[in-house]
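Comments concern the structure below.
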Amino acid sequence: MSQIIELTTLDCPELAVYARLTEAQLRNRLEPQLGLFIAESPKVIRVALAAGMIPKSFLMERRHLNGQGAPLMAAWPDIPVYTGEEALLKSLTGYSLSRGFLCAMERPAPTAPEAVLQGATRVAVLEGVVDSTNVGAIMRSAAALKMDAVLLSPTCCDPLNRRAVRVSMGTVFQVPWAVVPGWPEAGLSLLRRAGFQTAAMALSDNSLSLDDPALRGVPKLAVVLGAEGDGLARETIASCDYTVKIPMARGVDSLNVAAASAVAFWELRQR
């Protein structure tokens with residue numbers, strides 16, 4: 001039977017992981033095997049658990065103890081469950097966005113980029129996308145629109161960032177992803193060795209239109225997207241096989257990177 005712990009103050013040490021530790025502290029870069037991340041809302045927590053993530057503790061409003069939390073508590077009876085008055089929990093930063101239910105989970109071991117490329121024919125590559133909302137939204141689009149995997153440069157926001165996990169609606173646990181050290185040289189070399197051609201999403205006079213038939217016939221394609229504002233580095237664009245743009249109307253020059261990813265993933269999906 002789960003140990004239910006009543007919280008009476010925000011100063012409780014048990015709340016540190018949910019309320020006071022920074023993303024860097026949760027990630028625990030000095031000792032990665034001790035790292036944690038936070039999943040929010042019953043739906044996202046269920047998706048994470050189904051994907052094999054391991055819970056360390058639950059924090060939930062009392063209404064969930066006999067509701068959506070009950071089956072999770074039954075499945076994980078040794079995991080402590082923290083609860084408290086609704087007013088206390090809602091005073092936690094961001095708690096109102098979590099649908100009254102949080103879970104601290106063990107951070108999984110990093111996956112090698114080579115592993116996520118095995119068997120893949122369509123992958124997304126993110127360069128320097130630092131906004132957590134954009135990373136979460138791109139992960140969700142990648143899952144929905146048949147991307148087999150996502151690679152990220154080391155300068156990207158961590159996909160297990162609390163906000164990225166929430167925006168992704170848990171799809172960050174469903175799409176294989178990995179960080180590529182030595183981007184762009186090492187990453188592009190890895191993609192070439194794996195048989196991928198690369199399509200840099202960028203505005204250029206010599207860009208192909210996204211709906212160009214030549215792109216649809218590429219057996220293994222990596223769609224490379226850059227940060228909001230700055231876009232891809234010139235070095236990256238020059239090293240890719242194609243430069244591709246989404247045709248625009250009404251004088252609009254570009255889309256938000258998350259919106260552009262969804263359009264590109266749909267048009268360039270494996271048919």
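Residues in the structure tokens are named by chain (A, B, ... in the order shown) and by number from 1 within that chain; ligands are numbered from 1 in the order shown.
For Thr243 of chain A, the list of residues within 9 Å, based on only C-alpha atoms and with local chain neighbours fewer than 2 positions off taken out, reads Thr198, Ala199, Ala200, Met201, Ala202, Leu203, Ser204, Asn206, Ser207, Leu208, Ser209, Ile237, Ala238, Cys240, Asp241 and Lys245 of chain A.
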Can I get the selected residues back with C-alpha atoms, as a short mmCIF file (atom, residue, chain, number, x, y, z; two decimals), in the first residue's frame?
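Listed below is the output, result.cif:
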data_model
loop_
_atom_site.label_atom_id
_atom_site.label_comp_id
_atom_site.auth_asym_id
_atom_site.auth_seq_id
_atom_site.Cartn_x
_atom_site.Cartn_y
_atom_site.Cartn_z
CA THR A 198 19.82 16.02 -45.50
CA ALA A 199 17.32 18.80 -46.14
CA ALA A 200 18.10 22.13 -44.46
CA MET A 201 14.96 24.17 -43.87
CA ALA A 202 16.11 27.69 -44.77
CA LEU A 203 15.15 30.72 -46.83
CA SER A 204 17.44 31.00 -49.82
CA ASN A 206 18.26 28.50 -54.49
CA SER A 207 15.97 26.64 -52.09
CA LEU A 208 13.75 23.88 -53.38
CA SER A 209 10.05 24.21 -52.69
CA ILE A 237 23.12 24.79 -44.73
CA ALA A 238 26.18 24.52 -46.98
CA CYS A 240 23.32 19.65 -46.39
CA ASP A 241 22.25 17.96 -49.62
CA LYS A 245 11.68 26.32 -48.01
#
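Candidate residues A:Gly67, A:Ile54, A:Leu49, A:Ala149 were compared for distance to Ala112 of chain A, and the nearest is A:Ala149, using only C-alpha atoms.
Every protein, DNA or RNA residue with an atom at most 12 Å from Glu106 of chain A, where only C-alpha atoms count and chain neighbours fewer than 4 positions away do not, is listed here: Val17, Leu26, Arg27, Asn28, Pro32, Gln33, Leu34, Gly35, Leu36, Phe37, Ile38, Ala39, Ala48, Leu49, Gly52, Met53, Ile54, Pro55, Lys56, Ser57 and Leu160 of chain A.
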(request) Quick one: everything within 12 Å of Thr111 of chain A, counting only C-alpha atoms, minus sequence neighbours fewer than 4 positions away in the same chain. Send it as a PyMOL selection string. (result) chain A and resi 107+115-118+149-152+175-180
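We find atom CA of Leu15 of chain A and atom CA of Ser41 of chain A to be spaced 16.9 Å apart.
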(message) Residues near Trp76 of chain A, anyone? I mean within 9 Å using only C-alpha atoms, not counting same-chain ones fewer than 4 positions away, as an MDAnalysis selection string.
(response) chainID A and resid 1:2 55 71:72 80
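Pairwise distance (atom CA of Met73 of chain A, atom CA of Glu61 of chain A) equals 13.4 Å.
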(request) Calculate how many Å separate atom CA of Asp11 of chain A from atom CA of Ala24 of chain A, rounding to one decimal. (result) 20.7 Å
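Nearest residue to Ala124 of chain A, choosing from A:Leu65, A:Ala142, A:Ala233, A:Asp78 and counting only C-alpha atoms: A:Ala142.
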